[in-house]
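Asks: The following block contains the structure, expressed as C-alpha cells.
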Amino acid sequence: MPYRLLTRAASRAGGRLGWSRAAVGAALGVAVAAVVNHILSGIGGATLPWLLAPVGASAVLVLALPASPLAQPWPLFGGSMVSALVGLTAAQWIPYPELACAVALGLAIVAMSVLRCLHPPGGACALLAATAGPVTASHAMLALVLPLAANLIALAAAGWFYNGLTGHPWPHRAPEPQPLPDGGWAGSYDASDLDAVLEEWDEVLDVSRADLDLLFRAVERRVQTRSRLHTTAGKRTAATQRESESEG
C-alpha cells in the first residue's frame with residue numbers, strides 16, 4: 001500500500017499543474033512576499049511584520065489552484081484586505097475577544113460575498129485582526145494593513161510570473177467553447193468522455209470528478225427530456241395539420 005501511494009504521488013508530481021509545480025510556486029511566492037516586506041521595512045525605518053500567516057494559504061490557492069474563482073486577483077487582494085479591515089473594526093468596538101472574532105468572521109464572509117471577492121484566507125485575516133484588540137489607527141496600519149497589502153501585491157506578482165511561465169496564464173481566462181458539430185446532441189454521455197476531457201485540459205479544478213459526473217448526467221437528462229418533449233409536440237402538430245387537411 002505505501003509503495004502504491006508513493007507511485008501514485010510520483011505520477012502526479014509532473015505535468016503542467018502537478019504538485020511539484022505548485023510546491024515550487026508557492027515557496028517562490030511566499031519568499032518574494034517576505035523579501036519585499038523586509039526591504040520596505042528597512043526603507044521606512046519601522047519594524048514591520050515581514051510575513052503574515054494568511055498569505056501562506058493565499059499562496060496555495062494562487063499557485064496550486066490558479067483556475068479557481070477563489071484564487072483570482074480581486075478575491076486575493078479584496079477578500080484579504082476587506083476581511084482585515086472588518087476584523088480591526090470588530091476589535092475596536094467589541095471588548096470581548098471571543099465575540100469580536102466570531103463577529104469579525106461572520107461579517108467578513110458577508111462583505112466578501114457582497115463584493116464578490118470570496119477568498120478563504122480572508123477568514124484568517126479577519127481573525128488575525130480581531131485578536132489584535134483595540135489599537136490606534138496608525139498602529140493598525142503599520143502592524144497589519146500595510147504589511148498585508150505589500151505581501152499580497154508581491155504574491156500576486158509572483159503568481160502572475162510563475163503561472164504564466166509554467167503554462168497557465170493568471171488571472172485565469174476560460175477558453176472560448178468550441179462550436180458543436182452539425183446535428184446537435186451527439187448521443188449519450190459517458191464517464192470516459194469526462195476523463196478524456198480532464199486529461200486534455202490538464203487543469204486543477206476545485207470540484208471533484210464525481211460531482212462533475214453528476215452535473216453532466218443531470219444536464220444530459222434535462223437535454224433528453226426537452227428533446228422528447230419537442231419531438232412529441234412536433235408529432236402532435238403534424239397530426240393536427242393532417243386532420244385539418246383531411247377535413248378540408
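By convention in this document, the chains of the C-alpha cells carry letters A, B, ... by their order, each chain's residues are numbered from 1, and ligands are numbered from 1 in the order they are shown.
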I'd like the neighbourhood of segment 47-55 of chain A as a PyMOL selection string, where a residue qualifies if any of its atoms comes within 10 Å (using only C-alpha atoms), though same-chain residues fewer than 5 positions away should be ignored.

Replies: chain A and resi 29-31+33-42+60-61+76+80+120-128+142-144+146-148+150-152+155

Asks: Restrict the selected residues to N, CA and C atoms and save them as a compact mmCIF listing (two decimals), in the first residue's frame.

Replies:
# COMPACT_ATOMS: atom_id res chain seq x y z
N GLY A 29 6.45 32.22 -4.20
CA GLY A 29 5.56 33.33 -3.90
C GLY A 29 5.72 33.85 -2.48
N VAL A 30 5.81 32.93 -1.51
CA VAL A 30 5.98 33.34 -0.11
C VAL A 30 7.35 33.99 0.09
N ALA A 31 8.38 33.46 -0.58
CA ALA A 31 9.72 34.04 -0.45
C ALA A 31 9.74 35.47 -0.99
N ALA A 33 7.19 37.54 -1.25
CA ALA A 33 6.42 38.39 -0.35
C ALA A 33 7.23 38.77 0.89
N ALA A 34 7.96 37.81 1.44
CA ALA A 34 8.75 38.08 2.64
C ALA A 34 9.90 39.04 2.35
N VAL A 35 10.58 38.82 1.23
CA VAL A 35 11.72 39.69 0.88
C VAL A 35 11.26 41.12 0.63
N VAL A 36 10.13 41.26 -0.06
CA VAL A 36 9.62 42.60 -0.34
C VAL A 36 9.33 43.35 0.96
N ASN A 37 8.70 42.68 1.92
CA ASN A 37 8.40 43.36 3.19
C ASN A 37 9.66 43.65 3.99
N HIS A 38 10.65 42.79 3.90
CA HIS A 38 11.93 43.07 4.56
C HIS A 38 12.54 44.35 4.00
N ILE A 39 12.50 44.47 2.68
CA ILE A 39 13.08 45.65 2.04
C ILE A 39 12.31 46.91 2.42
N LEU A 40 10.98 46.84 2.36
CA LEU A 40 10.17 48.00 2.71
C LEU A 40 10.35 48.39 4.17
N SER A 41 10.50 47.41 5.04
CA SER A 41 10.72 47.71 6.45
C SER A 41 12.03 48.45 6.66
N GLY A 42 13.06 48.06 5.91
CA GLY A 42 14.33 48.74 6.04
C GLY A 42 14.29 50.16 5.52
N VAL A 60 -1.18 28.99 -1.59
CA VAL A 60 -1.65 27.67 -2.01
C VAL A 60 -2.73 27.81 -3.09
N LEU A 61 -3.66 28.73 -2.89
CA LEU A 61 -4.72 28.91 -3.88
C LEU A 61 -4.18 29.44 -5.20
N LEU A 76 -8.16 37.63 -4.14
CA LEU A 76 -6.91 37.59 -3.39
C LEU A 76 -6.70 38.88 -2.61
N SER A 80 -8.90 39.59 1.18
CA SER A 80 -8.00 39.65 2.34
C SER A 80 -8.04 41.01 3.02
N PRO A 120 -11.03 32.25 0.92
CA PRO A 120 -10.97 31.58 2.23
C PRO A 120 -9.92 32.13 3.19
N PRO A 121 -8.70 32.45 2.74
CA PRO A 121 -7.74 33.04 3.69
C PRO A 121 -8.19 34.38 4.27
N GLY A 122 -9.20 35.00 3.66
CA GLY A 122 -9.75 36.22 4.23
C GLY A 122 -10.30 35.98 5.63
N GLY A 123 -10.81 34.78 5.88
CA GLY A 123 -11.29 34.47 7.22
C GLY A 123 -10.16 34.53 8.23
N ALA A 124 -8.98 34.05 7.84
CA ALA A 124 -7.82 34.13 8.74
C ALA A 124 -7.40 35.59 8.95
N CYS A 125 -7.50 36.40 7.91
CA CYS A 125 -7.17 37.82 8.04
C CYS A 125 -8.10 38.49 9.05
N ALA A 126 -9.39 38.16 8.98
CA ALA A 126 -10.35 38.74 9.91
C ALA A 126 -10.03 38.35 11.34
N LEU A 127 -9.72 37.08 11.57
CA LEU A 127 -9.41 36.62 12.92
C LEU A 127 -8.10 37.22 13.43
N LEU A 128 -7.11 37.31 12.55
CA LEU A 128 -5.84 37.89 12.94
C LEU A 128 -6.02 39.33 13.40
N LEU A 142 0.45 50.14 10.43
CA LEU A 142 1.84 49.66 10.40
C LEU A 142 1.94 48.16 10.69
N ALA A 143 1.12 47.67 11.60
CA ALA A 143 1.23 46.29 12.05
C ALA A 143 0.50 45.29 11.17
N LEU A 144 -0.53 45.73 10.44
CA LEU A 144 -1.34 44.77 9.70
C LEU A 144 -1.66 45.22 8.28
N LEU A 146 -0.67 47.69 6.04
CA LEU A 146 0.40 47.89 5.07
C LEU A 146 1.21 46.61 4.81
N PRO A 147 1.64 45.89 5.86
CA PRO A 147 2.35 44.63 5.59
C PRO A 147 1.53 43.63 4.79
N LEU A 148 0.23 43.52 5.10
CA LEU A 148 -0.62 42.59 4.38
C LEU A 148 -0.75 43.00 2.92
N ALA A 150 1.35 44.76 1.14
CA ALA A 150 2.62 44.52 0.45
C ALA A 150 2.82 43.03 0.17
N ASN A 151 2.49 42.18 1.14
CA ASN A 151 2.59 40.73 0.93
C ASN A 151 1.72 40.28 -0.24
N LEU A 152 0.50 40.77 -0.29
CA LEU A 152 -0.44 40.34 -1.32
C LEU A 152 -0.01 40.82 -2.70
N LEU A 155 2.86 38.67 -3.75
CA LEU A 155 2.38 37.33 -4.10
C LEU A 155 1.68 37.33 -5.44

Asks: Please provide the set of residues having any atom within 12 Å of Tyr96 of chain A, restricted to only C-alpha atoms, with same-chain residues fewer than 6 positions apart removed, written as a PyMOL selection string.

Replies: chain A and resi 90+102-104+130-134

Asks: What does the distance from atom CA of Val24 of chain A to atom CA of Pro73 of chain A come to in Å, to one decimal?

Replies: 19.9 Å

Asks: At what distance in Å, to one decimal, does atom CA of Ala64 of chain A lie from atom CA of His168 of chain A?

Replies: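 Here the two named atoms are 10.8 Å from each other.
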
Asks: Would you mind reading off the distance between atom CA of Ala84 of chain A and atom CA of Ala23 of chain A, one decimal, in Å?

Replies: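 Value for the atom CA of Ala84 of chain A-atom CA of Ala23 of chain A distance: 26.5 Å.
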
Asks: Which residue gives the smallest distance to Val32 of chain A among A:Ala91, A:Leu214, A:Val82, A:Gly56, with only C-alpha atoms counted?

Replies: A:Gly56

Asks: Between A:Ser58, A:Gln72, A:Thr225, A:Ser113, single out the one closest to Trp160 of chain A, counting only C-alpha atoms.

Replies: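 Smallest distance to Trp160 of chain A is found for A:Gln72.
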
Asks: How would you write, as a VMD selection string, the set of residues in segment 67-197 of chain A that DSSP gives as helix (DSSP H, G or I)?

Replies: chain A and resid 69 to 71 73 to 93 97 to 114 121 to 130 137 to 165 191 to 197

Asks: Store the residues picked out above, limited to C-alpha atoms, as an mmCIF file, in the first residue's frame.

Replies:
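Saved to again20.cif:
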data_model
loop_
_atom_site.group_PDB
_atom_site.id
_atom_site.type_symbol
_atom_site.label_atom_id
_atom_site.label_comp_id
_atom_site.auth_asym_id
_atom_site.auth_seq_id
_atom_site.Cartn_x
_atom_site.Cartn_y
_atom_site.Cartn_z
ATOM 1 C CA PRO A 69 -12.559 31.706 -8.848
ATOM 2 C CA LEU A 70 -11.372 31.986 -5.234
ATOM 3 C CA ALA A 71 -7.764 32.478 -6.376
ATOM 4 C CA PRO A 73 -6.601 38.783 -8.208
ATOM 5 C CA TRP A 74 -9.686 40.552 -6.894
ATOM 6 C CA PRO A 75 -10.581 37.833 -4.366
ATOM 7 C CA LEU A 76 -6.906 37.586 -3.387
ATOM 8 C CA PHE A 77 -6.463 41.271 -2.632
ATOM 9 C CA GLY A 78 -10.010 42.452 -1.988
ATOM 10 C CA GLY A 79 -11.078 39.483 0.128
ATOM 11 C CA SER A 80 -7.998 39.651 2.335
ATOM 12 C CA MET A 81 -7.936 43.421 2.823
ATOM 13 C CA VAL A 82 -11.674 43.808 3.379
ATOM 14 C CA SER A 83 -11.642 40.999 5.928
ATOM 15 C CA ALA A 84 -8.697 42.539 7.762
ATOM 16 C CA LEU A 85 -10.490 45.880 7.984
ATOM 17 C CA VAL A 86 -13.625 44.139 9.258
ATOM 18 C CA GLY A 87 -11.557 42.390 11.919
ATOM 19 C CA LEU A 88 -9.907 45.624 13.027
ATOM 20 C CA THR A 89 -13.301 47.296 13.286
ATOM 21 C CA ALA A 90 -14.683 44.431 15.379
ATOM 22 C CA ALA A 91 -11.678 44.626 17.697
ATOM 23 C CA GLN A 92 -12.255 48.357 18.189
ATOM 24 C CA TRP A 93 -15.937 48.102 19.049
ATOM 25 C CA PRO A 97 -12.015 38.927 22.012
ATOM 26 C CA GLU A 98 -14.021 35.728 21.584
ATOM 27 C CA LEU A 99 -17.097 37.626 20.469
ATOM 28 C CA ALA A 100 -15.032 40.006 18.358
ATOM 29 C CA CYS A 101 -13.510 37.078 16.456
ATOM 30 C CA ALA A 102 -16.874 35.447 15.831
ATOM 31 C CA VAL A 103 -18.494 38.672 14.636
ATOM 32 C CA ALA A 104 -15.475 39.558 12.505
ATOM 33 C CA LEU A 105 -15.505 36.225 10.700
ATOM 34 C CA GLY A 106 -19.237 36.324 10.024
ATOM 35 C CA LEU A 107 -19.185 39.904 8.773
ATOM 36 C CA ALA A 108 -16.090 39.216 6.683
ATOM 37 C CA ILE A 109 -17.938 36.447 4.834
ATOM 38 C CA VAL A 110 -20.860 38.802 4.268
ATOM 39 C CA ALA A 111 -18.578 41.577 2.994
ATOM 40 C CA MET A 112 -16.628 39.274 0.679
ATOM 41 C CA SER A 113 -19.828 37.778 -0.710
ATOM 42 C CA VAL A 114 -21.412 41.171 -1.378
ATOM 43 C CA PRO A 121 -7.742 33.043 3.686
ATOM 44 C CA GLY A 122 -9.751 36.217 4.234
ATOM 45 C CA GLY A 123 -11.287 34.466 7.220
ATOM 46 C CA ALA A 124 -7.824 34.132 8.740
ATOM 47 C CA CYS A 125 -7.168 37.817 8.042
ATOM 48 C CA ALA A 126 -10.348 38.745 9.906
ATOM 49 C CA LEU A 127 -9.411 36.622 12.923
ATOM 50 C CA LEU A 128 -5.839 37.895 12.943
ATOM 51 C CA ALA A 129 -7.074 41.478 13.015
ATOM 52 C CA ALA A 130 -9.799 40.797 15.580
ATOM 53 C CA ALA A 137 -5.301 53.621 13.575
ATOM 54 C CA SER A 138 -1.618 54.318 12.949
ATOM 55 C CA HIS A 139 -0.545 51.151 14.758
ATOM 56 C CA ALA A 140 -3.102 49.102 12.816
ATOM 57 C CA MET A 141 -1.783 50.475 9.533
ATOM 58 C CA LEU A 142 1.836 49.659 10.404
ATOM 59 C CA ALA A 143 1.235 46.287 12.047
ATOM 60 C CA LEU A 144 -1.345 44.773 9.697
ATOM 61 C CA VAL A 145 -2.790 46.766 6.808
ATOM 62 C CA LEU A 146 0.402 47.885 5.065
ATOM 63 C CA PRO A 147 2.354 44.627 5.587
ATOM 64 C CA LEU A 148 -0.620 42.587 4.376
ATOM 65 C CA ALA A 149 -1.089 44.763 1.303
ATOM 66 C CA ALA A 150 2.625 44.517 0.450
ATOM 67 C CA ASN A 151 2.591 40.732 0.933
ATOM 68 C CA LEU A 152 -0.436 40.338 -1.323
ATOM 69 C CA ILE A 153 0.914 42.574 -4.095
ATOM 70 C CA ALA A 154 4.206 40.676 -4.087
ATOM 71 C CA LEU A 155 2.383 37.331 -4.097
ATOM 72 C CA ALA A 156 0.191 38.443 -6.987
ATOM 73 C CA ALA A 157 3.253 39.474 -8.989
ATOM 74 C CA ALA A 158 4.937 36.142 -8.284
ATOM 75 C CA GLY A 159 1.744 34.268 -9.189
ATOM 76 C CA TRP A 160 1.385 36.157 -12.457
ATOM 77 C CA PHE A 161 5.001 35.444 -13.428
ATOM 78 C CA TYR A 162 5.234 31.819 -12.304
ATOM 79 C CA ASN A 163 1.810 30.667 -13.524
ATOM 80 C CA GLY A 164 2.436 32.216 -16.925
ATOM 81 C CA LEU A 165 5.933 30.726 -17.075
ATOM 82 C CA ALA A 191 -17.716 8.811 -17.900
ATOM 83 C CA SER A 192 -14.766 8.072 -20.195
ATOM 84 C CA ASP A 193 -15.608 11.284 -22.069
ATOM 85 C CA LEU A 194 -15.155 13.253 -18.842
ATOM 86 C CA ASP A 195 -11.841 11.545 -18.107
ATOM 87 C CA ALA A 196 -10.596 12.283 -21.620
ATOM 88 C CA VAL A 197 -11.520 15.984 -21.384
#

Asks: Which of these residues is nearest to Pro171 of chain A, using only C-alpha atoms: A:Ala57, A:Ala218, A:Leu65, A:Ala22?

Replies: A:Leu65
